[in-house]
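A.B. asks: protein_26.txt is reproduced in full below (compact mmCIF, C-alpha atoms).
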# COMPACT_ATOMS: atom_id res chain seq x y z
CA MET A 1 -106.49 33.25 -17.85
CA ALA A 2 -106.94 34.71 -21.30
CA ILE A 3 -104.48 37.32 -22.52
CA SER A 4 -105.87 40.44 -24.15
CA ARG A 5 -103.32 42.65 -25.86
CA PRO A 6 -105.90 45.38 -26.56
CA ASP A 7 -106.90 45.50 -22.87
CA ALA A 8 -103.24 45.58 -21.81
CA GLU A 9 -102.47 48.40 -24.26
CA ARG A 10 -105.50 50.34 -23.01
CA ALA A 11 -104.24 49.88 -19.42
CA ILE A 12 -100.81 51.28 -20.35
CA ARG A 13 -102.46 54.28 -22.07
CA ASP A 14 -104.57 54.84 -18.93
CA PHE A 15 -101.46 54.52 -16.76
CA LEU A 16 -99.66 57.17 -18.80
CA LYS A 17 -102.71 59.46 -18.57
CA ALA A 18 -102.93 58.91 -14.80
CA LEU A 19 -99.30 60.07 -14.53
CA GLY A 20 -100.17 63.27 -16.42
CA HIS A 21 -98.82 62.28 -19.84
CA ASP A 22 -100.59 62.45 -23.18
CA PRO A 23 -100.26 59.00 -24.79
CA THR A 24 -101.24 60.41 -28.20
CA THR A 25 -98.05 62.46 -28.58
CA GLU A 26 -95.56 61.26 -31.16
CA ILE A 27 -93.06 60.02 -28.57
CA LEU A 28 -95.67 58.02 -26.59
CA ARG A 29 -98.05 56.94 -29.37
CA ASP A 30 -96.51 53.46 -29.78
CA THR A 31 -95.49 53.03 -26.13
CA PRO A 32 -98.53 50.97 -25.07
CA ARG A 33 -97.94 48.45 -27.88
CA ARG A 34 -94.19 48.35 -27.21
CA VAL A 35 -94.68 47.78 -23.47
CA VAL A 36 -97.23 45.02 -24.02
CA ASP A 37 -95.06 43.35 -26.69
CA ALA A 38 -92.03 43.50 -24.40
CA PHE A 39 -93.88 41.92 -21.48
CA LEU A 40 -95.85 39.27 -23.35
CA ASP A 41 -93.29 38.28 -25.99
CA GLU A 42 -90.12 38.53 -23.90
CA LEU A 43 -90.17 39.52 -20.22
CA LEU A 44 -93.01 37.14 -19.24
CA ALA A 45 -92.60 34.57 -22.02
CA GLY A 46 -91.87 31.82 -19.46
CA TYR A 47 -95.57 31.24 -18.94
CA SER A 48 -95.85 29.75 -22.42
CA VAL A 49 -93.27 27.02 -21.72
CA ASP A 50 -94.36 23.61 -20.45
CA ILE A 51 -91.62 22.64 -17.98
CA PRO A 52 -92.06 18.82 -18.05
CA GLU A 53 -92.10 18.94 -21.85
CA LEU A 54 -88.95 21.11 -21.90
CA LEU A 55 -87.11 18.70 -19.60
CA GLN A 56 -88.26 15.59 -21.46
CA ALA A 57 -87.41 16.98 -24.90
CA GLY A 58 -84.04 18.28 -23.71
CA SER A 59 -82.82 15.05 -22.13
CA GLU A 60 -81.73 11.57 -23.09
CA PRO A 61 -81.20 8.33 -21.23
CA SER A 62 -78.11 8.43 -19.04
CA PRO A 63 -75.24 6.27 -20.24
CA GLY A 64 -74.41 3.37 -17.94
CA GLY A 65 -72.51 4.04 -14.74
CA ARG A 66 -72.19 7.14 -12.64
CA SER A 67 -71.99 10.42 -14.46
CA GLY A 68 -70.93 12.74 -11.61
CA ILE A 69 -72.06 16.30 -11.11
CA VAL A 70 -72.76 18.68 -13.98
CA VAL A 71 -72.18 22.41 -13.37
CA VAL A 72 -73.17 25.23 -15.73
CA ARG A 73 -71.97 28.71 -14.76
CA GLY A 74 -72.78 32.12 -16.17
CA VAL A 75 -76.34 31.45 -17.33
CA ASN A 76 -77.76 34.85 -18.28
CA VAL A 77 -80.81 35.80 -16.25
CA SER A 78 -83.24 38.62 -16.89
CA THR A 79 -86.38 38.77 -14.80
CA VAL A 80 -89.06 41.20 -13.65
CA CYS A 81 -89.58 41.87 -9.96
CA PRO A 82 -93.24 41.21 -9.13
CA HIS A 83 -93.25 44.00 -6.52
CA HIS A 84 -92.39 46.91 -8.85
CA LEU A 85 -92.42 45.35 -12.34
CA MET A 86 -88.82 46.47 -12.75
CA PRO A 87 -86.05 44.34 -14.27
CA ALA A 88 -83.30 42.44 -12.50
CA VAL A 89 -80.36 41.02 -14.44
CA GLY A 90 -77.43 38.80 -13.62
CA ALA A 91 -76.33 35.21 -13.84
CA ALA A 92 -77.06 31.78 -12.45
CA THR A 93 -74.96 28.75 -11.64
CA VAL A 94 -76.83 25.46 -11.89
CA ALA A 95 -75.50 22.09 -10.77
CA TYR A 96 -77.21 18.74 -10.84
CA GLU A 97 -76.46 15.09 -10.30
CA PRO A 98 -77.98 13.23 -13.26
CA GLY A 99 -80.40 10.42 -12.60
CA PRO A 100 -81.86 8.11 -15.25
CA ARG A 101 -81.73 10.93 -17.82
CA ILE A 102 -79.10 13.57 -18.59
CA LEU A 103 -80.11 17.05 -19.62
CA GLY A 104 -78.64 19.03 -22.46
CA LEU A 105 -76.64 22.00 -21.23
CA GLY A 106 -78.86 24.36 -23.19
CA THR A 107 -81.89 22.81 -21.52
CA LEU A 108 -80.48 23.76 -18.11
CA ALA A 109 -80.11 27.36 -19.31
CA LYS A 110 -83.63 27.33 -20.80
CA LEU A 111 -85.04 26.01 -17.52
CA VAL A 112 -83.53 28.94 -15.60
CA GLN A 113 -84.67 31.43 -18.24
CA THR A 114 -88.20 29.98 -18.27
CA TYR A 115 -88.68 30.46 -14.54
CA ALA A 116 -86.99 33.88 -14.69
CA ARG A 117 -89.44 34.96 -17.39
CA ARG A 118 -92.37 34.72 -14.98
CA LEU A 119 -93.41 37.09 -12.21
CA SER A 120 -91.36 35.45 -9.47
CA LEU A 121 -89.16 36.51 -6.61
CA GLN A 122 -85.48 35.71 -7.12
CA GLU A 123 -85.62 33.06 -4.39
CA GLN A 124 -88.57 31.36 -6.10
CA ILE A 125 -86.68 31.09 -9.38
CA GLY A 126 -83.90 29.03 -7.78
CA THR A 127 -86.33 26.88 -5.80
CA ASN A 128 -88.40 26.18 -8.91
CA VAL A 129 -85.29 25.22 -10.89
CA VAL A 130 -83.98 22.72 -8.32
CA ASP A 131 -87.43 21.27 -7.60
CA SER A 132 -88.02 20.73 -11.33
CA LEU A 133 -84.67 19.01 -11.77
CA VAL A 134 -85.23 16.66 -8.82
CA SER A 135 -88.80 15.96 -9.98
CA HIS A 136 -87.34 15.01 -13.37
CA GLY A 137 -85.08 12.45 -11.72
CA ALA A 138 -81.91 14.33 -10.75
CA GLY A 139 -80.30 12.96 -7.62
CA GLY A 140 -79.51 16.47 -6.43
CA ALA A 141 -79.81 20.02 -7.74
CA TYR A 142 -78.38 23.41 -6.82
CA CYS A 143 -79.01 26.90 -8.19
CA ARG A 144 -77.28 30.14 -7.26
CA LEU A 145 -78.53 33.41 -8.68
CA GLU A 146 -76.77 36.74 -8.41
CA LEU A 147 -78.85 39.60 -9.76
CA ARG A 148 -78.76 43.38 -9.82
CA HIS A 149 -82.28 44.65 -9.16
CA SER A 150 -83.26 47.98 -10.67
CA CYS A 151 -85.85 48.37 -7.89
CA LEU A 152 -82.86 48.46 -5.49
CA SER A 153 -80.66 50.69 -7.64
CA ALA A 154 -82.99 53.11 -9.46
CA ARG A 155 -85.41 53.85 -6.60
CA GLY A 156 -85.78 53.42 -2.86
CA ALA A 157 -82.36 52.75 -1.31
CA GLU A 158 -80.59 53.67 -4.58
CA GLN A 159 -77.82 51.13 -4.12
CA HIS A 160 -76.34 51.27 -7.61
CA HIS A 161 -73.65 48.65 -7.09
CA ALA A 162 -75.59 46.20 -4.93
CA SER A 163 -76.35 42.71 -6.10
CA VAL A 164 -78.50 40.06 -4.46
CA ALA A 165 -77.38 36.43 -4.19
CA SER A 166 -79.71 33.54 -3.41
CA THR A 167 -79.24 29.80 -3.40
CA ALA A 168 -81.50 26.78 -3.50
CA ALA A 169 -80.65 23.10 -3.10
CA ALA A 170 -82.74 19.95 -3.32
CA GLY A 171 -82.29 16.19 -3.25
CA SER A 172 -78.84 14.96 -2.29
CA PHE A 173 -77.43 18.51 -2.38
CA ALA A 174 -79.63 19.42 0.56
CA THR A 175 -77.65 17.00 2.78
CA ALA A 176 -74.18 17.43 4.27
CA PRO A 177 -72.49 14.69 2.16
CA GLY A 178 -74.15 15.95 -1.03
CA LEU A 179 -73.15 19.51 -0.20
CA ALA A 180 -69.53 18.39 0.25
CA ALA A 181 -69.56 16.69 -3.19
CA LEU A 182 -71.13 19.80 -4.70
CA SER A 183 -68.47 21.95 -3.10
CA LEU A 184 -65.77 19.91 -4.86
CA ALA A 185 -67.59 20.17 -8.19
CA LEU A 186 -67.98 23.93 -7.84
CA GLY A 187 -64.38 24.35 -6.77
CA SER A 188 -65.47 26.33 -3.72
CA GLU A 189 -67.80 26.16 -0.79
CA PRO A 190 -71.42 26.51 -1.98
CA GLU A 191 -73.27 29.31 -0.27
CA GLN A 192 -76.28 28.39 1.84
What's the structure tokens form of this structure?

C.D. replies:
Amino acid sequence: MAISRPDAERAIRDFLKALGHDPTTEILRDTPRRVVDAFLDELLAGYSVDIPELLQAGSEPSPGGRSGIVVVRGVNVSTVCPHHLMPAVGAATVAYEPGPRILGLGTLAKLVQTYARRLSLQEQIGTNVVDSLVSHGAGGAYCRLELRHSCLSARGAEQHHASVASTAAAGSFATAPGLAALSLALGSEPEQ
């Protein structure tokens, strides 16, 4: 699908008009461009990333022997809810059991951010992360996301302090023995 910035800007101007606002006023004049730039260059920038290429470039052959479980906590997440196009922010914990290749820690964070920067439900982000890791050769993968959704806090139920947690596991971490090993690596019981 081809991206058209002029069409997107026109749609934002039409949206503002439909809500009874004059998009030619000084305060709104640049809003269509700003909204389109924000969505295409930042909020939905994950579509421009090739996941297999990211994982290949950000990994190296695993040194001999077993390498254990790698856990990265506190990965910043900013995403857009596909239902209301409103932001959700929070953090992810990603764990994986390296296979033939080990990933750079920054690559794990980039993988989460890439899937978060697409129109995806929170649950899909975690599932996509673990499926990608296992497809790339990880023995097991786990992702926990805890996000505060503005569609839950700023509208509807108006739950200003609510956060949403979701987990996904694949490979060996989807089995009881793998889950037990993961639990030790995390230092607590992983949530299912």

A.B. asks: Place a sphere of radius 12 Å on (-79.6, 34.7, -9.0) in the file coordinates and name every protein, DNA or RNA residue with an atom inside or on its surface, counting all atoms listed in the file; give the answer as a ChimeraX atom specification.

C.D. replies: /A:73-79,88-94,112-113,115-116,120-127,129,142-149,163-168

A.B. asks: What is the CA of Pro61 (chain A)-CA of Gly104 (chain A) distance in Å, reported with one decimal?

C.D. replies: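 That distance, rounded to one decimal, is 11.1 Å.
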
A.B. asks: Give me, please, the distance in Å between CA of Leu111 (chain A) and CA of Ala2 (chain A), quoted to one decimal.

C.D. replies: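 Interatomic distance, CA of Leu111 (chain A) to CA of Ala2 (chain A): 23.9 Å.
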
A.B. asks: Just the number, please: distance in Å from CA of Gly139 (chain A) to CA of Val49 (chain A), one decimal.

C.D. replies: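 About the pair CA of Gly139 (chain A) and CA of Val49 (chain A): they are 23.8 Å apart.
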
A.B. asks: Counting all atoms listed in the file, which residue out of A:Thr114, A:Leu105, A:Gly20, A:Ser183 sits closest to Asn128 (chain A)?

C.D. replies: A:Thr114

A.B. asks: Please write C-alpha atoms of region 38-171 of chain A, from the structure given just now, as a short mmCIF file (atom, residue, chain, number, x, y, z; two decimals), in the first residue's frame.

C.D. replies:
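So result_9.cif came out as:
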data_model
loop_
_atom_site.label_atom_id
_atom_site.label_comp_id
_atom_site.auth_asym_id
_atom_site.auth_seq_id
_atom_site.Cartn_x
_atom_site.Cartn_y
_atom_site.Cartn_z
CA ALA A 38 3.91 12.05 14.03
CA PHE A 39 2.10 8.96 12.76
CA LEU A 40 4.28 8.14 9.75
CA ASP A 41 7.69 9.09 11.15
CA GLU A 42 7.24 7.92 14.74
CA LEU A 43 4.03 6.31 15.98
CA LEU A 44 3.69 3.86 13.06
CA ALA A 45 7.36 3.68 12.02
CA GLY A 46 7.46 -0.07 12.76
CA TYR A 47 6.05 -0.85 9.33
CA SER A 48 9.31 0.26 7.73
CA VAL A 49 11.41 -2.28 9.67
CA ASP A 50 12.14 -5.70 8.19
CA ILE A 51 11.99 -8.04 11.20
CA PRO A 52 14.17 -10.91 9.85
CA GLU A 53 16.78 -8.36 8.76
CA LEU A 54 16.68 -6.67 12.19
CA LEU A 55 17.18 -10.00 13.97
CA GLN A 56 19.94 -11.18 11.63
CA ALA A 57 21.86 -7.90 11.77
CA GLY A 58 21.49 -7.68 15.56
CA SER A 59 22.76 -11.16 16.35
CA GLU A 60 25.93 -13.20 16.25
CA PRO A 61 26.75 -16.88 16.50
CA SER A 62 26.29 -18.22 20.00
CA PRO A 63 29.50 -19.10 21.81
CA GLY A 64 29.92 -22.80 22.54
CA GLY A 65 27.96 -24.35 25.37
CA ARG A 66 24.73 -23.34 27.01
CA SER A 67 24.13 -19.66 27.47
CA GLY A 68 21.12 -19.73 29.82
CA ILE A 69 18.21 -17.33 29.78
CA VAL A 70 18.56 -13.66 28.88
CA VAL A 71 16.11 -11.20 30.50
CA VAL A 72 15.73 -7.52 29.59
CA ARG A 73 13.41 -5.49 31.81
CA GLY A 74 12.06 -1.97 31.49
CA VAL A 75 11.96 -1.73 27.68
CA ASN A 76 10.07 1.48 26.92
CA VAL A 77 6.92 0.90 24.90
CA SER A 78 4.79 3.47 23.14
CA THR A 79 2.04 2.24 20.86
CA VAL A 80 -1.22 3.35 19.29
CA CYS A 81 -4.43 1.48 20.01
CA PRO A 82 -6.00 0.44 16.69
CA HIS A 83 -9.52 0.90 18.10
CA HIS A 84 -9.30 4.62 18.94
CA LEU A 85 -5.89 5.68 17.55
CA MET A 86 -4.93 6.80 21.04
CA PRO A 87 -1.54 6.15 22.66
CA ALA A 88 -0.64 3.56 25.25
CA VAL A 89 2.68 3.71 27.09
CA GLY A 90 4.53 1.49 29.51
CA ALA A 91 7.24 -1.11 29.60
CA ALA A 92 8.03 -4.63 28.49
CA THR A 93 10.06 -7.47 29.93
CA VAL A 94 11.51 -9.82 27.34
CA ALA A 95 13.22 -13.12 28.08
CA TYR A 96 14.64 -15.63 25.66
CA GLU A 97 16.72 -18.77 25.63
CA PRO A 98 19.37 -18.29 22.93
CA GLY A 99 19.67 -20.85 20.20
CA PRO A 100 22.39 -20.90 17.53
CA ARG A 101 22.58 -17.09 17.60
CA ILE A 102 22.52 -14.58 20.45
CA LEU A 103 20.79 -11.26 20.07
CA GLY A 104 22.17 -7.92 21.10
CA LEU A 105 20.27 -6.44 24.02
CA GLY A 106 19.42 -3.37 21.97
CA THR A 107 18.03 -5.62 19.27
CA LEU A 108 15.57 -7.10 21.77
CA ALA A 109 14.41 -3.58 22.64
CA LYS A 110 14.17 -2.64 18.94
CA LEU A 111 12.10 -5.76 18.25
CA VAL A 112 9.55 -4.76 20.90
CA GLN A 113 9.51 -1.16 19.69
CA THR A 114 9.09 -2.24 16.06
CA TYR A 115 5.97 -4.28 16.80
CA ALA A 116 4.66 -1.58 19.15
CA ARG A 117 5.02 1.00 16.36
CA ARG A 118 2.36 -0.74 14.27
CA LEU A 119 -1.41 -0.72 14.67
CA SER A 120 -1.61 -3.74 16.96
CA LEU A 121 -3.45 -4.77 20.06
CA GLN A 122 -1.24 -5.06 23.14
CA GLU A 123 -1.64 -8.84 23.15
CA GLN A 124 -0.51 -9.04 19.51
CA ILE A 125 2.69 -7.13 20.27
CA GLY A 126 3.82 -9.73 22.81
CA THR A 127 2.79 -12.65 20.60
CA ASN A 128 4.65 -11.18 17.62
CA VAL A 129 7.79 -10.64 19.71
CA VAL A 130 7.95 -14.21 21.05
CA ASP A 131 7.02 -15.78 17.72
CA SER A 132 9.77 -13.79 15.98
CA LEU A 133 12.36 -14.82 18.54
CA VAL A 134 11.46 -18.51 18.30
CA SER A 135 11.37 -18.30 14.49
CA HIS A 136 14.89 -16.84 14.64
CA GLY A 137 16.09 -19.87 16.59
CA ALA A 138 15.47 -19.06 20.26
CA GLY A 139 14.66 -22.13 22.32
CA GLY A 140 12.01 -20.21 24.24
CA ALA A 141 10.71 -16.65 24.44
CA TYR A 142 8.56 -14.66 26.85
CA CYS A 143 7.21 -11.11 26.72
CA ARG A 144 5.25 -9.23 29.36
CA LEU A 145 3.84 -5.82 28.59
CA GLU A 146 2.31 -3.45 31.11
CA LEU A 147 0.78 -0.39 29.48
CA ARG A 148 -1.41 2.54 30.46
CA HIS A 149 -3.94 3.09 27.69
CA SER A 150 -5.23 6.61 27.15
CA CYS A 151 -8.40 5.11 25.64
CA LEU A 152 -9.04 3.63 29.11
CA SER A 153 -8.03 6.71 31.08
CA ALA A 154 -9.06 9.74 28.99
CA ARG A 155 -12.43 8.47 27.72
CA GLY A 156 -14.97 5.73 28.34
CA ALA A 157 -14.39 4.21 31.79
CA GLU A 158 -11.96 7.02 32.73
CA GLN A 159 -9.73 4.78 34.82
CA HIS A 160 -6.79 7.14 35.24
CA HIS A 161 -4.59 4.80 37.24
CA ALA A 162 -5.38 1.53 35.47
CA SER A 163 -2.74 -0.38 33.59
CA VAL A 164 -3.12 -3.46 31.42
CA ALA A 165 -0.72 -6.40 31.66
CA SER A 166 -0.42 -9.11 29.03
CA THR A 167 1.99 -11.98 28.56
CA ALA A 168 3.03 -14.23 25.71
CA ALA A 169 5.26 -17.29 25.73
CA ALA A 170 6.52 -19.56 22.96
CA GLY A 171 8.89 -22.47 22.49
#
